[in-house]
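To start, the structure itself, in C-alpha cells.
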Amino acid sequence: MAEPKTNELMERIVSLCKRRGFIFQSSEIYGGINGFWDYGPLGAELKRNVRDLWWRSMTQQREDVAGLEATIIMHPKIWQASGHASTFSDPMVDCLLSKKRFRTDQIEPQSGTAYFYEGAQDGSAGKESREPYSVLIDTGAHPEHARKVARQFYQQRGLANPTLLGERSEPVENTTRYNPENGSLLTDPRAFNLMFKTYVGPVESVENIAYLRPETAQAIFAQFKTVLDVSRQKVPFGICQIGKAFRNEINPRNYTFRSREFEQMELEFFIKPDEAVEAAAGSVAGVSDTGHSGEPQPNWGWQAWHKYWVEERIKFYEGIGLPRESLVEYWQKPEELAHYAKATVDILYKFPFSKRDEEGNLLGEELEGIAARGDFDLSQHQKHSGKSMEYFDEETKTAWAKLDGAKKQALQARFQEAKRGDLLKRGYPAEEAESKAKEAAEKLARGLYVPHVIEPSAGVDRLILALVCNAYCEDQAPDDKGKLESRVVMKFHPRIAPIKVAVFPLLKNRPELVKKAQEVRDLLRPHMTVFYDEAGAIGRRYRRQDEAGTPFGVTIDFDTLGETPQLRDTVTLRDRDTMKQERVALSELVPLLVARIR
Ligand code: GAP
C-alpha cells in the first residue's frame, strides 16, 4: 500500500484517535482550548499502562530507587532556587496586524523585499499616525500587496482611509522579523515566563502568588533529605516521580507534542562526586562507546552512570515496542548545554512531523532528556532554603583516611578546582567561589558532600503520541466473505495495549454461545483488560478491535460447546498482527495470554 504523506498520515492518526477514543480536545463542546488534551477510554488505559511500566521498571524492580508523589503547587521559593522564576522563559513576538503570537526561535528565516512606511494620513478625517511600519513580500511581487497590508495596519490605528507616507523598499535576507503568514512586522522579542501563576488563599496579592509546577523534578530535590531519612537508601540512589506539569507554551503544536498541561516521569539519581568514587575504588571507570554498561559498579563516576541511564531508557522504549531505528540518541553539543550540565542526551523519536535532513530522513523530536546536572540543584536548594543538602558518606570518610598524602592532596585539589569552576559559572564572585570550594573540598575529606545527579526526564504525553504513531498501520484483511478490504490496525506492544483481549460469541442470538463467552470473559478478567463484544458480524468485530490495538481475540463457537467432541472447551485465539488463528484449550488460555502480555 502506498505510504501516506506526512500531514495526511498525521491527519489520519488524529482522526483515528478521536474516533476510537484515544485523545479528545479538552472542553470540545466549547470549541476546545489550545494546548490541552483529554484522554478517552482507550487513551486513559494506554497512558495508565505506560505509567505503570515506567514506575515498575524505575522503582519496584530496583533496590536503589524510591518513589515520591508531591504536590503540584509548592512554595514559590522553590522556583527561585531552581532558576525557573528568572530564566524559564521563551523569547516571544506578536504580529502587529493579526496579534498572533510566535516563539522567535520557531520562525523560519525568510528573504524578500521589505516595504517601509513612515506613517499614514486620513485627510478627510484630519487624522494622522506617525507609527513606522513595514511589510515583507516576495521579491518581484507587486508593491500593492505590501500597501494593502500596511493600510489594514493603519486602519486598526483609527484611520478609516489611510494614505501611506514615505514608502521605501529594501531587499532583506534570512529575517525573522516578519509574520510568515501575512508579511506584517512583528514586535521586538520579549521574554515570556512559561510558568502558570495562581494565588494561594483568598487574597490576590503579590505575597500570595504561587505557580503550577513546570516540572516534577524540583519536588524531588526539595524532599531529598526527607526521602533519604525514611527510605534508608545510600548514595548512589534515586527518587522518581510521575505527575502533571504545566507550561504556558507560546505555541502549543504538533497535536499533543507541545501541550500546556502534560505529564512527566522523572528520576533524579543521586551519585557520589568522582573524587569520592576514586577515593574508595582506587580509580573511576572509563566509559565504552558501545552497548549497555551492565550492572552498576562501585567504581562508576558520573560518565558511567549517565551512559547507564541512557542505555536503560532506550531499553525501556524498546521493551514497549518502539524499534531502536525509530529512536535517535542525540548528544547535546557543548554550546547547547545548560551552564550547570556536564552532558545531556536527548532521546528523540522520529515522529511523522519531525524535520528531515537533506536526504529526506526524519531527524526526530525529543521524547526524553537525560542530563548530568552535577550538584547544581541540591546546592541551589541548600543556598535558598538555608537547609543542608549534604550527605554523610561513611565509606568515603573511611577510604579517605587510608589514602596516602599525595593522593589525598591530588583528589582534594581536583575536587576544589571543579567546584570553584561551577560556582564561578553560577555567578559567585571569585573570592567567594574560592573559599566555598575550599570548604567543600575539606568536607569531602570528612565524607561530607552534596550529591551529584543524573536526571532522566520523560514526557508521558509525548511517549503516548510516539506509541500511537508507531502503532498506526494500514493493511489489507479479508472480510467475512474472504474478500480483501483495507483495515487500520494499531500494532501496540501487548504490554501497553489498552485492551489485551476481546471475547466474542460467534453468534449473539444463540444463548448457549453467549453464556459460554461470558464465562470466558469472567475467567480472563481478573488477569487482564477484556472487552466483550457480541454485536455485528465477526469480521466487523475483529476490525473494531484491530483499530483499538487489541492484540488477541477469543471466539467461542459451536466446537467450544462440543459440536466436534474433541474440540469441546477449546476456543479460537486470533493474533491481531498476523491474523492467524489457533485452537487453544480453555484450561490453557489464562497462562498462555498472561505470558504473551508480559
Ligand atoms: N526536569 C527537566 C525537564 O523538565 P524538559 O526537557 O523541559 O526537562 C522533560 O522536559 C520532558 O518533558 C521532555 O523531554 C518532554 O518529553 C516533556 N515535555 C516538556 N515540555 C512539554 C510540553 N510542553 N508538552 C509535552 N511534553 C513536554
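By convention in this document, the chains of the C-alpha cells carry letters A, B, ... by their order, each chain's residues are numbered from 1, and ligands are numbered from 1 in the order they are shown.
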Review point. Quick one: residues within 8 Å of Asp575 in chain A, only C-alpha atoms counted, chain neighbours fewer than 2 positions away excluded, as a PyMOL selection string?
Key: chain A and resi 551-553+573+577-581
Practice item. Can you pull out every residue within 9 Å of Gln518 in chain A, counting only C-alpha atoms, but drop anything in the same chain fewer than 4 positions away, and send it as a ChimeraX atom specification? Key: /A:503-505,513-514,522-523,532
Review point. Counting only C-alpha atoms and all ligand atoms, what residues are within 9 Å of ligand 1, given as a VMD selection string?
Key: chain A and resid 35 214 to 218 245 to 249 252 to 253 256 to 268 346 to 348 365 to 371 455 to 463
Do you have, as a Markdown table, the list of residues of range 330-402 of chain A lying at most 12 Å from range 232-241 of chain A, each with its nearest atom pair and that distance in Å to one decimal, counting only C-alpha atoms and ordered by chain then number?
```
| residue | atom | partner | partner_atom | distance |
| --- | --- | --- | --- | --- |
| A:Glu390 | CA | A:Val235 | CA | 11.3 |
| A:Tyr391 | CA | A:Val235 | CA | 8.2 |
| A:Phe392 | CA | A:Val235 | CA | 9.4 |
| A:Asp393 | CA | A:Val235 | CA | 7.9 |
| A:Glu394 | CA | A:Lys234 | CA | 10.0 |
| A:Glu395 | CA | A:Val235 | CA | 10.3 |
| A:Thr396 | CA | A:Val235 | CA | 10.9 |
```
Export all heavy atoms of the chosen residues as a CSV table (one decimal), in the first residue's frame?
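Once everything was written out, this is again.csv:
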```csv
chain,number,residue,atom,x,y,z
A,390,GLU,N,23.7,18.3,52.4
A,390,GLU,CA,24.9,17.4,52.4
A,390,GLU,C,24.6,16.0,52.8
A,390,GLU,O,23.7,15.8,53.6
A,390,GLU,CB,26.0,18.0,53.3
A,390,GLU,CG,26.7,19.2,52.6
A,390,GLU,CD,27.4,20.1,53.6
A,390,GLU,OE1,27.3,19.8,54.8
A,390,GLU,OE2,28.2,20.9,53.2
A,391,TYR,N,25.4,15.1,52.3
A,391,TYR,CA,25.2,13.7,52.6
A,391,TYR,C,26.5,13.2,53.3
A,391,TYR,O,27.6,13.5,52.8
A,391,TYR,CB,25.0,12.9,51.3
A,391,TYR,CG,25.0,11.4,51.4
A,391,TYR,CD1,23.9,10.8,51.9
A,391,TYR,CD2,26.1,10.7,51.0
A,391,TYR,CE1,23.9,9.4,52.1
A,391,TYR,CE2,26.1,9.3,51.1
A,391,TYR,CZ,25.0,8.6,51.7
A,391,TYR,OH,25.0,7.3,51.8
A,392,PHE,N,26.3,12.5,54.4
A,392,PHE,CA,27.5,12.0,55.1
A,392,PHE,C,27.7,10.5,54.6
A,392,PHE,O,26.9,9.7,54.7
A,392,PHE,CB,27.3,12.0,56.6
A,392,PHE,CG,28.5,11.3,57.3
A,392,PHE,CD1,29.8,11.8,57.2
A,392,PHE,CD2,28.3,10.1,58.0
A,392,PHE,CE1,30.8,11.1,57.7
A,392,PHE,CE2,29.4,9.4,58.5
A,392,PHE,CZ,30.6,9.9,58.4
A,393,ASP,N,28.9,10.3,54.0
A,393,ASP,CA,29.2,9.1,53.4
A,393,ASP,C,30.4,8.4,54.2
A,393,ASP,O,31.5,8.8,54.0
A,393,ASP,CB,29.7,9.3,51.9
A,393,ASP,CG,29.8,8.1,51.1
A,393,ASP,OD1,30.0,7.0,51.7
A,393,ASP,OD2,29.7,8.2,49.9
A,394,GLU,N,30.0,7.5,55.0
A,394,GLU,CA,30.9,6.8,55.9
A,394,GLU,C,32.0,6.1,55.0
A,394,GLU,O,33.2,6.2,55.4
A,394,GLU,CB,30.1,5.7,56.6
A,394,GLU,CG,30.9,4.9,57.7
A,394,GLU,CD,31.2,5.7,58.9
A,394,GLU,OE1,30.3,6.3,59.5
A,394,GLU,OE2,32.4,5.8,59.3
A,395,GLU,N,31.6,5.6,53.9
A,395,GLU,CA,32.6,4.8,53.0
A,395,GLU,C,33.7,5.8,52.5
A,395,GLU,O,34.9,5.4,52.5
A,395,GLU,CB,31.8,4.2,51.8
A,395,GLU,CG,32.7,3.2,51.1
A,395,GLU,CD,32.1,2.9,49.7
A,395,GLU,OE1,31.4,3.7,49.1
A,395,GLU,OE2,32.3,1.7,49.3
A,396,THR,N,33.3,7.0,52.1
A,396,THR,CA,34.3,8.0,51.7
A,396,THR,C,35.2,8.4,52.8
A,396,THR,O,36.4,8.5,52.6
A,396,THR,CB,33.5,9.2,51.1
A,396,THR,OG1,32.7,8.8,50.1
A,396,THR,CG2,34.5,10.2,50.5
```
**Study point:** A:Ala66, A:Leu327, A:Val135, A:Ala150 ranked by distance to Ser169 in chain A, top pick (using only C-alpha atoms)
**Key:**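 Nearest candidate to Ser169 in chain A out of A:Ala66, A:Leu327, A:Val135, A:Ala150: A:Val135.
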Point to revise | range 359-361 of chain A environment, 10 Å, only C-alpha atoms, sequence neighbours closer than 4 positions dropped, as a count of residues only | key: 3
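Among the candidates A:Ala222, A:Ala341, A:Leu524, A:Ala537, the one nearest to Asn509 in chain A when counting only C-alpha atoms is A:Ala537.
Using only C-alpha atoms, the protein and nucleic acid residues lying no more than 12 Å from Gly421 in chain A, apart from those fewer than 3 places from it along its own chain, are His339, Tyr340, Gly374, Arg414, Phe415, Gln416, Glu417, Ala418, Leu424, Lys425, Arg426, Gly427, Tyr428, Pro429, Ala430, Glu432, Ala433, Glu434, Lys436, Ala437 and Lys438 of chain A.
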Review point. Given the choices A:Arg48, A:Arg213, A:Arg574, A:Lys387, which gets closest to Phe196 in chain A if the distance is worked out from only C-alpha atoms?
Key: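 Under the stated criterion, the closest residue is A:Arg213.
Considering the residues A:Gln412, A:Ser587, A:Ser86, A:Thr555 and counting only C-alpha atoms, Phe192 in chain A has its shortest atom-to-atom contact with A:Ser86.
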Review point. When distances are computed from only C-alpha atoms, which of A:Trp309, A:Tyr115, A:Phe270, A:Phe531 shows the smallest separation from Gly166 in chain A?
Key: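 Closest candidate: A:Tyr115.
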Within 12 Å of Arg598 in chain A using only C-alpha atoms, minus same-chain residues under 6 positions, as a compact mmCIF listing (two decimals) with all heavy atoms, in the first residue's frame:
```txt
# COMPACT_ATOMS: atom_id res chain seq x y z
N ASN A 49 -1.10 2.16 31.42
CA ASN A 49 -0.15 1.06 31.22
C ASN A 49 1.28 1.59 31.12
O ASN A 49 2.21 1.00 31.68
CB ASN A 49 -0.49 0.29 29.93
CG ASN A 49 -1.79 -0.48 30.07
OD1 ASN A 49 -2.26 -0.72 31.19
ND2 ASN A 49 -2.38 -0.86 28.96
N LEU A 53 4.27 0.76 33.75
CA LEU A 53 5.50 0.08 33.33
C LEU A 53 6.73 0.89 33.71
O LEU A 53 7.75 0.34 34.13
CB LEU A 53 5.47 -0.17 31.81
CG LEU A 53 4.56 -1.32 31.39
CD1 LEU A 53 4.31 -1.30 29.89
CD2 LEU A 53 5.17 -2.67 31.79
N GLY A 319 11.42 -2.02 24.93
CA GLY A 319 10.58 -3.01 25.63
C GLY A 319 9.10 -2.72 25.53
O GLY A 319 8.28 -3.60 25.81
N ILE A 320 8.73 -1.49 25.16
CA ILE A 320 7.30 -1.22 24.99
C ILE A 320 6.96 -1.01 23.51
O ILE A 320 5.92 -0.45 23.18
CB ILE A 320 6.81 -0.03 25.86
CG1 ILE A 320 7.62 1.24 25.58
CG2 ILE A 320 6.87 -0.39 27.33
CD1 ILE A 320 7.03 2.47 26.25
N HIS A 493 2.43 -2.85 21.30
CA HIS A 493 3.02 -3.98 22.00
C HIS A 493 1.98 -4.47 23.02
O HIS A 493 1.36 -3.64 23.71
CB HIS A 493 4.30 -3.53 22.72
CG HIS A 493 5.11 -4.66 23.24
ND1 HIS A 493 4.69 -5.46 24.28
CD2 HIS A 493 6.31 -5.15 22.85
CE1 HIS A 493 5.60 -6.38 24.52
NE2 HIS A 493 6.59 -6.22 23.66
N PRO A 494 1.78 -5.81 23.15
CA PRO A 494 0.77 -6.29 24.10
C PRO A 494 0.93 -5.71 25.51
O PRO A 494 -0.05 -5.53 26.22
CB PRO A 494 0.99 -7.81 24.11
CG PRO A 494 1.59 -8.10 22.78
CD PRO A 494 2.41 -6.90 22.40
N ARG A 495 2.18 -5.38 25.90
CA ARG A 495 2.39 -4.82 27.25
C ARG A 495 1.63 -3.52 27.47
O ARG A 495 1.22 -3.22 28.58
CB ARG A 495 3.87 -4.48 27.45
CG ARG A 495 4.66 -5.61 27.89
CD ARG A 495 6.06 -5.19 28.32
NE ARG A 495 6.83 -6.39 28.30
CZ ARG A 495 7.87 -6.63 27.51
NH1 ARG A 495 8.31 -5.70 26.71
NH2 ARG A 495 8.47 -7.77 27.54
N ILE A 496 1.51 -2.72 26.42
CA ILE A 496 0.89 -1.40 26.61
C ILE A 496 -0.51 -1.33 26.02
O ILE A 496 -1.22 -0.34 26.24
CB ILE A 496 1.76 -0.28 25.99
CG1 ILE A 496 2.02 -0.57 24.51
CG2 ILE A 496 3.03 -0.05 26.77
CD1 ILE A 496 2.32 0.67 23.71
N ALA A 497 -0.93 -2.35 25.27
CA ALA A 497 -2.24 -2.29 24.60
C ALA A 497 -3.34 -1.97 25.62
O ALA A 497 -3.37 -2.56 26.70
CB ALA A 497 -2.51 -3.62 23.92
N LYS A 500 -6.33 -6.01 26.32
CA LYS A 500 -5.43 -7.11 25.98
C LYS A 500 -6.13 -8.17 25.14
O LYS A 500 -5.52 -8.78 24.27
CB LYS A 500 -4.89 -7.78 27.26
CG LYS A 500 -4.27 -6.83 28.25
CD LYS A 500 -3.04 -6.13 27.71
CE LYS A 500 -2.38 -5.28 28.77
NZ LYS A 500 -1.55 -4.23 28.21
N HIS A 527 -7.22 -11.18 35.27
CA HIS A 527 -5.81 -11.19 34.86
C HIS A 527 -5.45 -10.09 33.87
O HIS A 527 -4.28 -9.80 33.68
CB HIS A 527 -5.47 -12.56 34.24
CG HIS A 527 -5.83 -13.70 35.10
ND1 HIS A 527 -5.01 -14.13 36.11
CD2 HIS A 527 -6.95 -14.48 35.15
CE1 HIS A 527 -5.61 -15.15 36.74
NE2 HIS A 527 -6.78 -15.36 36.17
N MET A 528 -6.44 -9.50 33.19
CA MET A 528 -6.12 -8.53 32.12
C MET A 528 -7.37 -7.75 31.74
O MET A 528 -8.48 -8.13 32.14
CB MET A 528 -5.56 -9.27 30.90
CG MET A 528 -6.51 -10.22 30.27
SD MET A 528 -5.69 -11.43 29.22
CE MET A 528 -5.00 -12.56 30.41
N PRO A 591 -2.83 -18.86 31.33
CA PRO A 591 -1.35 -18.80 31.35
C PRO A 591 -0.76 -18.39 30.02
O PRO A 591 0.22 -17.64 29.96
CB PRO A 591 -0.93 -20.21 31.74
CG PRO A 591 -2.15 -21.07 31.69
CD PRO A 591 -3.34 -20.17 31.75
N LEU A 592 -1.39 -18.84 28.92
CA LEU A 592 -0.86 -18.51 27.60
C LEU A 592 -0.93 -17.00 27.34
O LEU A 592 0.04 -16.36 26.92
CB LEU A 592 -1.66 -19.27 26.54
CG LEU A 592 -1.15 -19.23 25.12
CD1 LEU A 592 -1.35 -20.58 24.47
CD2 LEU A 592 -1.89 -18.19 24.31
```
With the cut-off set at 8 Å and counting only C-alpha atoms, tabulate each residue of range 445-557 of chain A with an atom at most that distance from an atom of range 273-291 of chain A, showing the nearest atom pair and its distance in Å to one decimal, ordered by chain and increasing number, as CSV.
```
residue,atom,partner,partner_atom,distance
A:Tyr449,CA,A:Pro273,CA,7.9
A:Pro451,CA,A:Pro273,CA,6.6
A:His452,CA,A:Pro273,CA,6.2
```
Those same residues - all heavy atoms - I'd like them written as a compact mmCIF listing (two decimals), in the first residue's frame.
```txt
# COMPACT_ATOMS: atom_id res chain seq x y z
N TYR A 449 29.43 15.56 51.43
CA TYR A 449 29.34 16.23 50.13
C TYR A 449 27.87 16.41 49.72
O TYR A 449 26.98 15.73 50.24
CB TYR A 449 30.09 15.46 49.04
CG TYR A 449 29.66 14.01 48.89
CD1 TYR A 449 28.51 13.66 48.21
CD2 TYR A 449 30.43 12.98 49.47
CE1 TYR A 449 28.12 12.34 48.07
CE2 TYR A 449 30.03 11.65 49.35
CZ TYR A 449 28.87 11.34 48.63
OH TYR A 449 28.47 10.04 48.51
N PRO A 451 25.41 15.52 46.95
CA PRO A 451 25.44 14.55 45.85
C PRO A 451 25.23 15.20 44.48
O PRO A 451 24.57 16.23 44.36
CB PRO A 451 24.28 13.60 46.18
CG PRO A 451 24.09 13.75 47.64
CD PRO A 451 24.40 15.18 47.96
N HIS A 452 25.80 14.56 43.48
CA HIS A 452 25.58 14.97 42.09
C HIS A 452 24.37 14.19 41.58
O HIS A 452 23.92 13.24 42.22
CB HIS A 452 26.83 14.67 41.27
CG HIS A 452 27.98 15.58 41.61
ND1 HIS A 452 28.87 16.02 40.70
CD2 HIS A 452 28.36 16.14 42.79
CE1 HIS A 452 29.76 16.80 41.28
NE2 HIS A 452 29.48 16.88 42.57
```
Revision key, fill the gap. Separating CA of Gly183 in chain A from CA of Asp90 in chain A, to the nearest tenth of an Å, is a gap of 22.4 Å
